[in-house]
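S.K.: My file is upload.txt. It has compact mmCIF, C-alpha atoms:
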# COMPACT_ATOMS: atom_id res chain seq x y z
CA MET Y 1279 -51.34 41.79 -38.13
CA LEU Y 1280 -48.79 44.06 -36.51
CA GLY Y 1281 -48.88 41.89 -33.37
CA VAL Y 1282 -48.51 38.71 -35.36
CA GLY Y 1283 -45.54 40.18 -37.19
CA ALA Y 1284 -43.91 41.25 -33.94
CA GLY Y 1285 -44.49 37.83 -32.46
CA LEU Y 1286 -42.98 36.08 -35.45
CA LEU Y 1287 -40.01 38.42 -35.44
CA TYR Y 1288 -39.38 37.75 -31.78
CA GLY Y 1289 -39.92 33.99 -32.06
CA TRP Y 1290 -37.90 33.40 -35.19
CA VAL Y 1291 -35.17 36.01 -35.02
CA VAL Y 1292 -34.77 37.65 -31.64
CA ASN Y 1293 -35.32 34.64 -29.42
CA PRO Y 1294 -35.74 31.54 -31.51
CA VAL Y 1295 -36.19 28.09 -30.06
CA LYS Y 1296 -32.86 26.73 -28.88
CA TYR Y 1297 -32.21 23.13 -29.71
CA VAL Y 1298 -30.08 21.51 -27.06
CA ASP Y 1299 -30.73 17.87 -27.82
CA THR Y 1300 -29.95 17.38 -31.44
CA THR Y 1301 -28.60 14.49 -33.46
CA PRO Y 1302 -25.35 14.24 -35.40
CA ALA Y 1303 -27.36 14.55 -38.61
CA LYS Y 1304 -28.16 18.14 -37.60
CA LEU Y 1305 -24.54 19.11 -37.11
CA ARG Y 1306 -23.07 21.80 -39.26
CA SER Y 1307 -21.41 20.37 -42.33
CA ASP Y 1308 -17.85 21.01 -41.16
CA TYR Y 1309 -18.55 19.32 -37.83
CA GLN Y 1310 -20.00 16.39 -39.71
CA ALA Y 1311 -16.94 16.28 -41.94
CA ASP Y 1312 -14.71 16.17 -38.92
CA TYR Y 1313 -16.77 13.36 -37.41
CA ILE Y 1314 -16.33 11.46 -40.67
CA LEU Y 1315 -12.62 12.16 -40.54
CA MET Y 1316 -12.57 10.61 -37.07
CA VAL Y 1317 -14.28 7.55 -38.48
CA ALA Y 1318 -11.67 7.42 -41.22
CA GLU Y 1319 -8.83 7.78 -38.75
CA ALA Y 1320 -10.18 4.97 -36.63
CA TYR Y 1321 -10.84 2.80 -39.69
CA GLN Y 1322 -7.27 3.20 -40.80
CA SER Y 1323 -6.15 1.65 -37.54
CA GLU Y 1324 -8.96 -0.82 -36.88
CA GLY Y 1325 -9.72 -1.95 -40.41
CA ASP Y 1326 -13.31 -2.71 -39.41
CA LEU Y 1327 -15.55 -1.53 -42.22
CA ASP Y 1328 -18.77 -2.66 -40.56
CA LEU Y 1329 -17.91 -0.61 -37.52
CA ALA Y 1330 -17.07 2.40 -39.68
CA ALA Y 1331 -20.41 2.09 -41.47
CA ARG Y 1332 -22.27 1.89 -38.16
CA ARG Y 1333 -20.47 4.97 -36.95
CA LEU Y 1334 -21.44 6.82 -40.11
CA ALA Y 1335 -25.05 5.75 -39.85
CA VAL Y 1336 -25.76 8.37 -37.20
CA LEU Y 1337 -25.27 11.04 -39.83
CA GLY Y 1338 -28.34 10.10 -41.78
CA ASP Y 1339 -29.94 7.63 -44.10
CA SER Y 1340 -27.64 8.17 -47.03
CA PRO Y 1341 -25.33 5.31 -47.99
CA PRO Y 1342 -22.07 5.47 -46.03
CA ALA Y 1343 -20.04 5.91 -49.19
CA GLU Y 1344 -22.13 8.93 -50.13
CA ILE Y 1345 -21.72 10.42 -46.66
CA VAL Y 1346 -17.95 10.12 -46.98
CA ARG Y 1347 -18.04 11.48 -50.51
CA GLN Y 1348 -19.81 14.61 -49.31
CA ALA Y 1349 -17.18 15.00 -46.62
CA MET Y 1350 -14.45 14.65 -49.23
CA ILE Y 1351 -15.97 17.49 -51.22
CA LEU Y 1352 -16.03 19.73 -48.16
CA ALA Y 1353 -12.54 18.61 -47.18
CA ALA Y 1354 -11.28 19.70 -50.57
CA GLN Y 1355 -12.99 23.08 -50.23
CA ILE Y 1356 -11.72 23.91 -46.75
CA PRO Y 1357 -9.09 22.42 -47.47
CA TYR Y 1358 -8.12 19.64 -45.10
CA ALA Y 1359 -4.55 18.49 -44.93
CA ASP Y 1360 -3.59 16.12 -47.73
CA SER Y 1361 -3.12 13.30 -45.26
CA ASP Y 1362 -6.63 13.80 -43.92
CA GLN Y 1363 -8.11 13.89 -47.39
CA GLU Y 1364 -6.25 10.70 -48.15
CA LEU Y 1365 -7.83 9.03 -45.14
CA LEU Y 1366 -11.27 10.04 -46.31
CA SER Y 1367 -10.49 8.79 -49.76
CA GLN Y 1368 -9.37 5.42 -48.43
CA LEU Y 1369 -12.53 5.06 -46.40
CA ALA Y 1370 -14.69 6.04 -49.35
CA SER Y 1371 -12.95 3.51 -51.55
CA ALA Y 1372 -13.42 0.77 -49.02
CA LEU Y 1373 -17.09 1.61 -48.61
CA GLN Y 1374 -17.66 1.36 -52.35
CA THR Y 1375 -17.40 -2.40 -52.00
CA TRP Y 1376 -19.18 -2.64 -48.71
CA SER Y 1377 -22.65 -4.11 -48.65
CA PRO Y 1378 -24.90 -3.63 -45.64
CA SER Y 1379 -26.91 -6.70 -46.55
CA LEU Y 1380 -23.83 -8.89 -46.37
CA GLY Y 1381 -22.33 -6.89 -43.56
CA GLY Y 1382 -18.95 -6.92 -45.13
CA ALA Y 1383 -16.91 -6.26 -48.18
CA GLN Y 1384 -17.77 -7.96 -51.38
CA PRO Y 1385 -15.09 -9.63 -53.43
CA MET X 971 -66.18 56.57 -24.79
CA ARG X 972 -66.29 54.79 -28.11
CA GLU X 973 -62.88 56.20 -29.14
CA GLU X 974 -61.18 55.03 -25.89
CA ARG X 975 -62.67 51.56 -26.31
CA GLY X 976 -61.26 51.58 -29.86
CA HIS X 977 -57.74 52.07 -28.56
CA TRP X 978 -58.16 49.21 -26.15
CA TYR X 979 -59.29 46.97 -29.03
CA LEU X 980 -56.15 47.90 -30.91
CA LEU X 981 -53.92 47.05 -27.96
CA THR X 982 -55.79 43.82 -27.31
CA GLY X 983 -55.47 42.86 -30.95
CA PHE X 984 -51.76 43.64 -30.88
CA VAL X 985 -51.23 41.46 -27.82
CA ILE X 986 -53.28 38.62 -29.29
CA GLY X 987 -51.26 38.96 -32.48
CA ILE X 988 -48.00 38.69 -30.57
CA VAL X 989 -49.26 35.61 -28.78
CA LEU X 990 -50.33 34.04 -32.05
CA GLY X 991 -46.99 34.90 -33.60
CA LEU X 992 -45.07 33.37 -30.75
CA VAL X 993 -47.21 30.25 -30.75
CA TYR X 994 -46.55 29.86 -34.45
CA SER X 995 -42.82 30.63 -34.30
CA TRP X 996 -42.05 28.67 -31.17
CA LEU X 997 -44.46 25.74 -31.32
CA ILE X 998 -46.01 25.24 -34.74
CA SER X 999 -43.11 26.14 -36.97
CA PRO X 1000 -40.00 26.82 -34.91
CA ARG X 1001 -36.88 27.87 -36.66
CA GLN X 1002 -35.10 24.74 -37.82
CA TYR X 1003 -31.48 24.43 -36.91
CA GLN X 1004 -29.60 22.35 -39.41
CA ASP X 1005 -26.23 23.68 -38.36
CA THR X 1006 -25.81 22.82 -34.74
CA SER X 1007 -22.60 22.23 -32.88
CA PRO X 1008 -21.50 19.06 -31.05
CA ALA X 1009 -22.27 20.80 -27.75
CA SER X 1010 -25.96 20.65 -28.59
CA LEU X 1011 -26.05 16.91 -29.16
CA LEU X 1012 -28.23 14.60 -27.14
CA PRO X 1013 -26.28 13.01 -24.28
CA GLU X 1014 -26.22 9.63 -26.00
CA PHE X 1015 -24.79 11.19 -29.13
CA LYS X 1016 -22.31 13.15 -27.08
CA ASP X 1017 -21.16 9.81 -25.69
CA GLN X 1018 -20.82 8.50 -29.20
CA TYR X 1019 -18.93 11.61 -30.26
CA ARG X 1020 -16.59 11.23 -27.29
CA ALA X 1021 -16.03 7.57 -28.10
CA MET X 1022 -15.26 8.53 -31.67
CA ILE X 1023 -12.75 11.12 -30.51
CA ALA X 1024 -11.08 8.50 -28.34
CA ALA X 1025 -11.00 5.95 -31.15
CA ALA X 1026 -9.45 8.49 -33.49
CA PHE X 1027 -6.94 9.44 -30.81
CA VAL X 1028 -5.94 5.83 -30.29
CA ALA X 1029 -5.52 5.50 -34.04
CA THR X 1030 -3.48 8.65 -34.57
CA GLY X 1031 -2.01 9.61 -31.22
CA ASN X 1032 -2.84 13.20 -32.06
CA LEU X 1033 -3.58 14.65 -28.64
CA PRO X 1034 -3.97 18.32 -29.60
CA ARG X 1035 -6.55 17.36 -32.17
CA ALA X 1036 -8.39 15.20 -29.65
CA GLU X 1037 -8.38 18.06 -27.17
CA ALA X 1038 -9.77 20.46 -29.73
CA ARG X 1039 -12.50 18.02 -30.60
CA LEU X 1040 -13.35 17.43 -26.96
CA ALA X 1041 -13.63 21.16 -26.40
CA LEU X 1042 -16.39 21.28 -28.99
CA LEU X 1043 -18.58 19.18 -26.73
CA GLY X 1044 -18.56 21.88 -24.10
CA ASP X 1045 -18.02 19.57 -21.15
CA SER X 1046 -17.17 21.57 -18.07
CA GLU X 1047 -14.86 18.79 -16.87
CA VAL X 1048 -13.54 16.94 -19.87
CA GLU X 1049 -11.53 14.27 -18.07
CA ARG X 1050 -14.34 13.57 -15.67
CA ALA X 1051 -16.81 13.17 -18.52
CA LEU X 1052 -14.44 10.78 -20.27
CA THR X 1053 -13.76 8.79 -17.12
CA GLU X 1054 -17.43 8.47 -16.27
CA GLN X 1055 -18.22 7.35 -19.77
CA ALA X 1056 -15.38 4.83 -19.69
CA GLN X 1057 -16.69 3.39 -16.45
CA ARG X 1058 -20.24 3.29 -17.79
CA THR X 1059 -19.06 1.53 -20.90
CA LEU X 1060 -17.09 -0.95 -18.87
CA GLY X 1061 -20.10 -1.55 -16.69
CA GLU X 1062 -22.26 -2.27 -19.71
CA GLY X 1063 -19.61 -4.73 -20.76
CA ASN X 1064 -20.28 -4.68 -24.49
CA ALA X 1065 -17.49 -2.42 -25.68
CA PRO X 1066 -14.32 -2.96 -23.68
CA LEU X 1067 -12.13 -1.57 -26.45
CA GLU X 1068 -14.17 1.62 -26.48
CA ALA X 1069 -13.75 1.88 -22.73
CA GLN X 1070 -10.04 1.32 -23.09
CA ALA X 1071 -9.77 4.00 -25.75
CA LEU X 1072 -11.58 6.44 -23.49
CA GLY X 1073 -9.27 5.48 -20.65
CA LEU X 1074 -6.20 5.99 -22.78
CA LEU X 1075 -7.42 9.41 -23.76
CA VAL X 1076 -8.01 10.33 -20.13
CA VAL X 1077 -4.51 9.20 -19.28
CA ALA X 1078 -3.01 11.08 -22.20
CA LEU X 1079 -4.85 14.22 -21.20
CA GLY X 1080 -3.47 13.86 -17.72
CA GLN X 1081 0.04 13.26 -18.99
CA GLY X 1082 0.17 15.58 -21.93
CA ASP X 1083 1.97 18.85 -21.41
CA VAL X 1084 -0.05 20.31 -24.16
CA GLY X 1085 -0.11 23.75 -22.64
CA SER X 1086 3.52 24.24 -23.62
CA LEU X 1087 3.19 22.67 -27.01
CA PRO X 1088 2.54 24.47 -30.22
CA THR X 1089 -0.84 24.01 -31.74
CA LEU X 1090 -2.58 25.77 -34.55
CA VAL X 1091 -6.05 25.20 -33.23
CA PRO X 1092 -6.46 28.32 -31.10
CA GLN X 1093 -5.08 30.52 -33.85
CA ALA X 1094 -7.51 29.19 -36.33
CA THR X 1095 -10.31 29.52 -33.86
CA ASN X 1096 -9.47 33.08 -33.04
CA ALA X 1097 -9.83 33.86 -36.68
CA GLU X 1098 -13.13 32.09 -36.62
CA SER X 1099 -14.38 33.92 -33.59
CA GLN X 1100 -14.10 37.18 -35.45
CA SER X 1101 -16.14 35.92 -38.31
CA THR X 1102 -19.76 35.08 -38.63
CA ASN X 1103 -20.62 31.65 -39.84
CA SER X 1104 -18.10 30.53 -42.36
CA PRO X 1105 -15.35 28.68 -40.58
CA GLN X 1106 -14.17 26.93 -43.66
CA THR X 1107 -12.65 30.00 -45.11
CA ASP X 1108 -11.21 31.21 -41.87
CA ILE X 1109 -9.56 28.03 -40.78
CA SER X 1110 -7.86 27.65 -44.07
CA ASN X 1111 -5.48 30.39 -43.06
CA PRO X 1112 -4.13 29.47 -39.70
CA THR X 1113 -0.95 31.12 -38.78
CA THR X 1114 0.99 28.62 -36.89
CA THR X 1115 2.14 27.73 -33.62
CA GLU X 1116 2.89 28.87 -30.20
CA THR X 1117 0.48 31.50 -29.09
CA ASN X 1118 -2.42 30.92 -26.80
CA PRO X 1119 -0.99 27.81 -25.21
CA GLU X 1120 -3.89 27.32 -22.88
CA PRO X 1121 -6.97 27.31 -25.00
CA THR X 1122 -10.25 27.60 -23.21
CA SER X 1123 -13.42 25.92 -24.18
CA GLN X 1124 -14.70 29.29 -25.23
CA ASP X 1125 -11.93 29.46 -27.76
CA PHE X 1126 -13.21 26.35 -29.43
CA SER X 1127 -16.86 26.96 -29.12
CA ALA X 1128 -17.52 27.99 -32.63
CA THR X 1129 -15.64 25.75 -34.94
CA PRO X 1130 -13.96 22.45 -35.51
CA SER X 1131 -10.74 24.02 -36.57
CA PHE X 1132 -8.39 21.05 -36.35
CA PRO X 1133 -8.79 19.56 -39.79
CA SER X 1134 -7.73 22.75 -41.29
CA SER X 1135 -4.99 23.57 -43.64
CA ASP X 1136 -2.09 21.89 -45.26
CA GLN X 1137 -0.01 23.25 -42.44
CA THR X 1138 -1.51 20.75 -40.10
CA PRO X 1139 0.92 17.92 -40.72
CA GLN X 1140 3.97 20.01 -39.98
CA VAL X 1141 2.53 21.39 -36.79
CA MET X 1142 1.29 18.09 -35.59
CA GLY X 1143 4.59 16.53 -36.47
CA THR X 1144 6.29 18.95 -34.18
CA VAL X 1145 3.85 18.19 -31.44
CA LEU X 1146 4.34 14.49 -31.68
CA SER X 1147 8.06 14.73 -31.84
CA THR X 1148 8.34 16.78 -28.68
CA ALA X 1149 5.45 15.58 -26.59
CA THR X 1150 5.62 13.25 -23.68
CA PRO X 1151 5.37 9.75 -25.09
CA LEU X 1152 1.78 8.71 -25.26
CA PRO X 1153 0.42 5.48 -23.94
CA THR X 1154 -0.03 2.67 -26.37
CA ARG X 1155 -2.22 3.42 -29.32
CA THR X 1156 -3.26 -0.15 -29.71
CA PRO X 1157 -6.74 -0.82 -28.40
CA THR X 1158 -5.78 -4.28 -27.40
CA VAL X 1159 -3.69 -5.73 -24.67
CA THR X 1160 -0.24 -4.30 -24.93
CA PRO X 1161 2.09 -6.91 -26.30
CA GLY X 1162 5.06 -7.85 -24.26
CA SER X 1163 6.22 -10.30 -21.69
CA PRO X 1164 3.51 -11.60 -19.38
CA PHE X 1165 3.13 -9.76 -16.13
CA VAL X 1166 4.50 -11.29 -12.98
CA LEU X 1167 3.28 -10.59 -9.49
CA GLN X 1168 5.72 -8.31 -7.74
CA SER X 1169 3.91 -8.06 -4.45
CA ASN X 1170 0.66 -9.10 -2.83
CA THR X 1171 -0.17 -7.09 0.25
CA PHE X 1172 -3.17 -6.99 2.53
CA VAL X 1173 -3.86 -3.36 3.31
CA CYS X 1174 -5.74 -2.05 6.32
CA ASP X 1175 -6.70 1.51 5.54
CA PRO X 1176 -9.62 3.07 7.40
CA ASN X 1177 -10.01 5.44 4.47
CA LEU X 1178 -10.88 2.46 2.29
CA PRO X 1179 -13.78 0.89 4.14
CA ASN X 1180 -14.86 -1.24 1.18
CA PRO X 1181 -13.06 -4.47 0.33
CA LEU X 1182 -11.08 -3.71 -2.82
CA ILE X 1183 -8.71 -5.55 -5.04
CA GLN X 1184 -6.25 -2.82 -5.93
CA VAL X 1185 -3.99 -3.53 -8.87
CA ILE X 1186 -0.97 -1.58 -10.00
CA ALA X 1187 0.64 -2.45 -13.32
CA LYS X 1188 4.20 -1.39 -14.05
CA ASP X 1189 6.62 -1.85 -16.88
CA SER X 1190 10.05 -3.35 -16.49
CA SER X 1191 11.48 0.00 -15.41
CA GLY X 1192 8.85 0.51 -12.76
CA GLU X 1193 6.79 3.05 -14.64
CA PRO X 1194 3.00 2.72 -14.30
CA LEU X 1195 1.22 1.20 -17.25
CA PRO X 1196 -2.23 2.54 -18.14
CA GLY X 1197 -4.71 0.70 -20.31
CA GLN X 1198 -3.80 -2.77 -19.04
CA GLU X 1199 -6.65 -5.22 -18.79
CA ILE X 1200 -7.15 -7.22 -15.61
CA LEU X 1201 -9.22 -10.35 -15.37
CA THR X 1202 -10.87 -11.20 -12.10
CA THR X 1203 -12.73 -14.47 -11.87
CA TRP X 1204 -14.69 -16.18 -9.17
CA ASP X 1205 -16.96 -19.14 -8.88
CA GLY X 1206 -19.66 -18.44 -11.42
CA GLY X 1207 -18.47 -15.10 -12.69
CA GLU X 1208 -15.74 -12.94 -14.08
CA ASP X 1209 -15.05 -9.28 -14.74
CA ASN X 1210 -12.47 -7.33 -16.60
CA TYR X 1211 -11.31 -3.80 -16.08
CA PHE X 1212 -8.43 -1.56 -17.01
CA THR X 1213 -5.70 0.40 -15.35
CA GLY X 1214 -5.61 4.13 -15.78
CA LEU X 1215 -9.30 4.89 -15.48
CA LYS X 1216 -8.69 6.59 -12.14
CA PRO X 1217 -5.71 8.71 -13.07
CA GLU X 1218 -5.92 10.58 -9.80
CA LEU X 1219 -4.85 7.36 -8.09
CA GLY X 1220 -2.08 6.57 -10.54
CA LEU X 1221 -1.83 5.78 -14.20
CA GLY X 1222 -1.22 2.10 -13.57
CA TYR X 1223 -3.95 1.78 -10.96
CA ALA X 1224 -7.23 -0.10 -11.11
CA ASP X 1225 -9.51 -1.54 -8.46
CA PHE X 1226 -12.34 -3.99 -8.11
CA LEU X 1227 -14.94 -4.13 -5.36
CA MET X 1228 -15.12 -7.55 -3.74
CA THR X 1229 -18.17 -9.17 -2.21
CA PRO X 1230 -17.56 -10.72 1.22
CA GLY X 1231 -17.56 -14.49 1.16
CA ILE X 1232 -16.39 -14.85 -2.42
CA VAL X 1233 -12.94 -16.04 -3.38
CA TYR X 1234 -11.34 -14.37 -6.38
CA GLN X 1235 -8.51 -15.09 -8.77
CA VAL X 1236 -6.74 -12.18 -10.40
CA GLN X 1237 -4.66 -12.19 -13.53
CA MET X 1238 -3.40 -9.62 -15.97
CA ALA X 1239 -4.91 -10.23 -19.39
CA GLY X 1240 -2.63 -11.77 -21.94
CA GLY X 1241 -1.34 -14.50 -19.69
CA GLY X 1242 1.08 -14.42 -16.82
CA GLN X 1243 0.83 -15.18 -13.20
CA THR X 1244 -2.55 -15.80 -11.59
CA VAL X 1245 -3.09 -14.71 -8.02
CA PRO X 1246 -5.50 -17.12 -6.34
CA ASP X 1247 -7.48 -17.02 -3.12
CA ILE X 1248 -8.13 -13.30 -2.86
CA THR X 1249 -11.03 -12.81 -0.49
CA PRO X 1250 -12.25 -9.96 1.69
CA ALA X 1251 -10.89 -9.90 5.21
CA GLU X 1252 -11.50 -7.59 8.10
CA CYS X 1253 -9.20 -5.17 9.84
CA GLU X 1254 -9.56 -3.87 13.36
CA THR X 1255 -9.08 -0.36 14.62
CA GLN X 1256 -7.35 0.42 17.93
CA GLY X 1257 -10.75 1.00 19.42
CA GLY X 1258 -11.95 -2.41 18.40
CA GLY X 1259 -13.95 -1.31 15.40
CA ARG X 1260 -13.86 -3.49 12.32
CA TYR X 1261 -13.74 -2.62 8.67
CA TRP X 1262 -12.87 -4.31 5.43
CA GLY X 1263 -9.30 -4.39 4.25
CA SER X 1264 -8.10 -4.45 0.67
CA TRP X 1265 -5.63 -6.44 -1.33
CA LEU X 1266 -2.92 -4.56 -3.16
CA LEU X 1267 -1.45 -6.49 -6.06
CA VAL X 1268 1.49 -5.07 -7.95
CA PHE X 1269 2.22 -6.62 -11.33
CA SER X 1270 5.21 -5.79 -13.43
CA ARG X 1271 6.71 -6.86 -16.66
CA PRO X 1272 9.99 -8.71 -16.21
What's the structure tokens form of this structure?

M.R.:
Amino acid sequence: MLGVGAGLLYGWVVNPVKYVDTTPAKLRSDYQADYILMVAEAYQSEGDLDLAARRLAVLGDSPPAEIVRQAMILAAQIPYADSDQELLSQLASALQTWSPSLGGAQP
Amino acid sequence: MREERGHWYLLTGFVIGIVLGLVYSWLISPRQYQDTSPASLLPEFKDQYRAMIAAAFVATGNLPRAEARLALLGDSEVERALTEQAQRTLGEGNAPLEAQALGLLVVALGQGDVGSLPTLVPQATNAESQSTNSPQTDISNPTTTETNPEPTSQDFSATPSFPSSDQTPQVMGTVLSTATPLPTRTPTVTPGSPFVLQSNTFVCDPNLPNPLIQVIAKDSSGEPLPGQEILTTWDGGEDNYFTGLKPELGLGYADFLMTPGIVYQVQMAGGGQTVPDITPAECETQGGGRYWGSWLLVFSRP
């Protein structure tokens, strides 16, 4: 038992497995929020909601609007600059009317 | 004898226990990392992250923020990584705007005198580096401006500190107002008068043994223009590429490798003068050796 404990301590704490090939969904929340801010910045210029949704899709299976909403919560906690929070808000609003099945905004 | 064997059993059991523990902690149930950094992303996701940084840069023109984001990826040679990705993307041919955005970012990185510009990123990161794992609280208190003008990748390794506090707009405003003007932010062909051919020269350069179409794009004042799309067509094919993706050869420079025996037409995208009948031709050295020459086309806006 002592050996097992030492092995677990070493393998989990002292020298845990290093992940070098991860996905964006595994990023720390503030990195994810910044990625979402990048999407919002690009969306402000490009106006392509489908593209923004595709870019957000790498962050997980949640609906894009929910992904942005989570980022907005974190952005308010950090806090991000007002202008950055506004960008996130605009993207979130636009995604509220976006439907993946139609691939575009609904009227 | 029995007591000594008992000690050996204990040691053996300890070693077996360690092995079992390691097998369990490394293979069966390794520690799950939910909080990784962009530097740990798979290469394909790093490419996507880079493309996203470039797209955001094109949208905002915020070079210090783009630099800070790029530093998070941990590339040893940032501009090289961007350039290679831009060329790969161009080669794949399905995202020319993405390639152009990457190219514009490369050019801006080459142009930007960011080292002398104020930026809050290193300050915020220094605060972060003294902390443990809660960047949110640390980066909310960046003291501003002009220290640490040459941030290293190590400075940025721990945190995305750019989208930090309410002080960001003022700082970035200063940066943008004093920085070298950035190339166009528009990921499309720069509007303006159509390009006209300024010169068309056949170049014999032994250092360029491959037959190239070399294009230089300039504005009306003679300054090189990065991010300009060039269309090259030939019988049964066409290709497009952009100036500025080889900044070491000039911001307005682009080239295209010709195939002997094919006749090409070259035009700057967005209309303007077409240069017909560009085809590889040979040059001769003083010793009688032969090699391919290149065509140097200089386009400028009137």

S.K.: Pull out every residue of chain Y sitting within 10 Å of chain X, counting all atoms listed in the file, and send them as a PDB file with C-alpha atoms, in the coordinates of the input.

M.R.:
ATOM      1  CA  MET Y1279     -51.340  41.790 -38.130  1.00  0.00           C
ATOM      2  CA  LEU Y1280     -48.790  44.060 -36.510  1.00  0.00           C
ATOM      3  CA  GLY Y1281     -48.880  41.890 -33.370  1.00  0.00           C
ATOM      4  CA  VAL Y1282     -48.510  38.710 -35.360  1.00  0.00           C
ATOM      5  CA  GLY Y1283     -45.540  40.180 -37.190  1.00  0.00           C
ATOM      6  CA  ALA Y1284     -43.910  41.250 -33.940  1.00  0.00           C
ATOM      7  CA  GLY Y1285     -44.490  37.830 -32.460  1.00  0.00           C
ATOM      8  CA  LEU Y1286     -42.980  36.080 -35.450  1.00  0.00           C
ATOM      9  CA  LEU Y1287     -40.010  38.420 -35.440  1.00  0.00           C
ATOM     10  CA  TYR Y1288     -39.380  37.750 -31.780  1.00  0.00           C
ATOM     11  CA  GLY Y1289     -39.920  33.990 -32.060  1.00  0.00           C
ATOM     12  CA  TRP Y1290     -37.900  33.400 -35.190  1.00  0.00           C
ATOM     13  CA  VAL Y1291     -35.170  36.010 -35.020  1.00  0.00           C
ATOM     14  CA  ASN Y1293     -35.320  34.640 -29.420  1.00  0.00           C
ATOM     15  CA  PRO Y1294     -35.740  31.540 -31.510  1.00  0.00           C
ATOM     16  CA  VAL Y1295     -36.190  28.090 -30.060  1.00  0.00           C
ATOM     17  CA  LYS Y1296     -32.860  26.730 -28.880  1.00  0.00           C
ATOM     18  CA  TYR Y1297     -32.210  23.130 -29.710  1.00  0.00           C
ATOM     19  CA  VAL Y1298     -30.080  21.510 -27.060  1.00  0.00           C
ATOM     20  CA  ASP Y1299     -30.730  17.870 -27.820  1.00  0.00           C
ATOM     21  CA  THR Y1300     -29.950  17.380 -31.440  1.00  0.00           C
ATOM     22  CA  THR Y1301     -28.600  14.490 -33.460  1.00  0.00           C
ATOM     23  CA  PRO Y1302     -25.350  14.240 -35.400  1.00  0.00           C
ATOM     24  CA  ALA Y1303     -27.360  14.550 -38.610  1.00  0.00           C
ATOM     25  CA  LYS Y1304     -28.160  18.140 -37.600  1.00  0.00           C
ATOM     26  CA  LEU Y1305     -24.540  19.110 -37.110  1.00  0.00           C
ATOM     27  CA  ARG Y1306     -23.070  21.800 -39.260  1.00  0.00           C
ATOM     28  CA  SER Y1307     -21.410  20.370 -42.330  1.00  0.00           C
ATOM     29  CA  ASP Y1308     -17.850  21.010 -41.160  1.00  0.00           C
ATOM     30  CA  TYR Y1309     -18.550  19.320 -37.830  1.00  0.00           C
ATOM     31  CA  GLN Y1310     -20.000  16.390 -39.710  1.00  0.00           C
ATOM     32  CA  ALA Y1311     -16.940  16.280 -41.940  1.00  0.00           C
ATOM     33  CA  ASP Y1312     -14.710  16.170 -38.920  1.00  0.00           C
ATOM     34  CA  TYR Y1313     -16.770  13.360 -37.410  1.00  0.00           C
ATOM     35  CA  ILE Y1314     -16.330  11.460 -40.670  1.00  0.00           C
ATOM     36  CA  LEU Y1315     -12.620  12.160 -40.540  1.00  0.00           C
ATOM     37  CA  MET Y1316     -12.570  10.610 -37.070  1.00  0.00           C
ATOM     38  CA  VAL Y1317     -14.280   7.550 -38.480  1.00  0.00           C
ATOM     39  CA  ALA Y1318     -11.670   7.420 -41.220  1.00  0.00           C
ATOM     40  CA  GLU Y1319      -8.830   7.780 -38.750  1.00  0.00           C
ATOM     41  CA  ALA Y1320     -10.180   4.970 -36.630  1.00  0.00           C
ATOM     42  CA  TYR Y1321     -10.840   2.800 -39.690  1.00  0.00           C
ATOM     43  CA  GLN Y1322      -7.270   3.200 -40.800  1.00  0.00           C
ATOM     44  CA  SER Y1323      -6.150   1.650 -37.540  1.00  0.00           C
ATOM     45  CA  GLU Y1324      -8.960  -0.820 -36.880  1.00  0.00           C
ATOM     46  CA  ARG Y1333     -20.470   4.970 -36.950  1.00  0.00           C
ATOM     47  CA  VAL Y1336     -25.760   8.370 -37.200  1.00  0.00           C
ATOM     48  CA  LEU Y1352     -16.030  19.730 -48.160  1.00  0.00           C
ATOM     49  CA  ALA Y1353     -12.540  18.610 -47.180  1.00  0.00           C
ATOM     50  CA  GLN Y1355     -12.990  23.080 -50.230  1.00  0.00           C
ATOM     51  CA  ILE Y1356     -11.720  23.910 -46.750  1.00  0.00           C
ATOM     52  CA  PRO Y1357      -9.090  22.420 -47.470  1.00  0.00           C
ATOM     53  CA  TYR Y1358      -8.120  19.640 -45.100  1.00  0.00           C
ATOM     54  CA  ALA Y1359      -4.550  18.490 -44.930  1.00  0.00           C
ATOM     55  CA  ASP Y1360      -3.590  16.120 -47.730  1.00  0.00           C
ATOM     56  CA  SER Y1361      -3.120  13.300 -45.260  1.00  0.00           C
ATOM     57  CA  ASP Y1362      -6.630  13.800 -43.920  1.00  0.00           C
ATOM     58  CA  GLN Y1363      -8.110  13.890 -47.390  1.00  0.00           C
TER      59      GLN Y1363
END

S.K.: Could you state the separation of atom CA of X:Leu1215 and atom CA of Y:Arg1332 in Å, given to one decimal place?

M.R.: 26.3 Å

S.K.: Rounded to one decimal, what separation in Å do you get between atom CA of X:Thr1213 and atom CA of X:Ile1186?

M.R.: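 A separation of 7.4 Å between them.
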
S.K.: Find the spatial neighbours of X:Gly1263, counting all atoms listed in the file, within a cut-off of 6 Å - ignore same-chain residues fewer than 2 positions away - and output them as a ChimeraX atom specification.

M.R.: /X:1173-1174,1181,1251-1253

S.K.: Which distance in Å separates atom CA of X:Ala1078 and atom CA of X:Asn1032, to one decimal?

M.R.: 10.1 Å

S.K.: For each of X:Ser1169, X:Lys1216, X:Ala1187, X:Val1236, take the minimum atom-to-atom distance to X:Val1076, counting all atoms listed in the file, then give the residue where this is smallest.

M.R.: X:Lys1216

S.K.: Enclose the full set of atoms of stretch 1355-1368 of chain Y listed in the file within a box whose edges lie along x, y and z, apply 4 Å of padding to each of the six sides, and report centre and edge lengths in Å to one decimal as JSON.

M.R.:
{"center_x": -8.1, "center_y": 14.7, "center_z": -47.1, "size_x": 17.9, "size_y": 26.5, "size_z": 14.3}
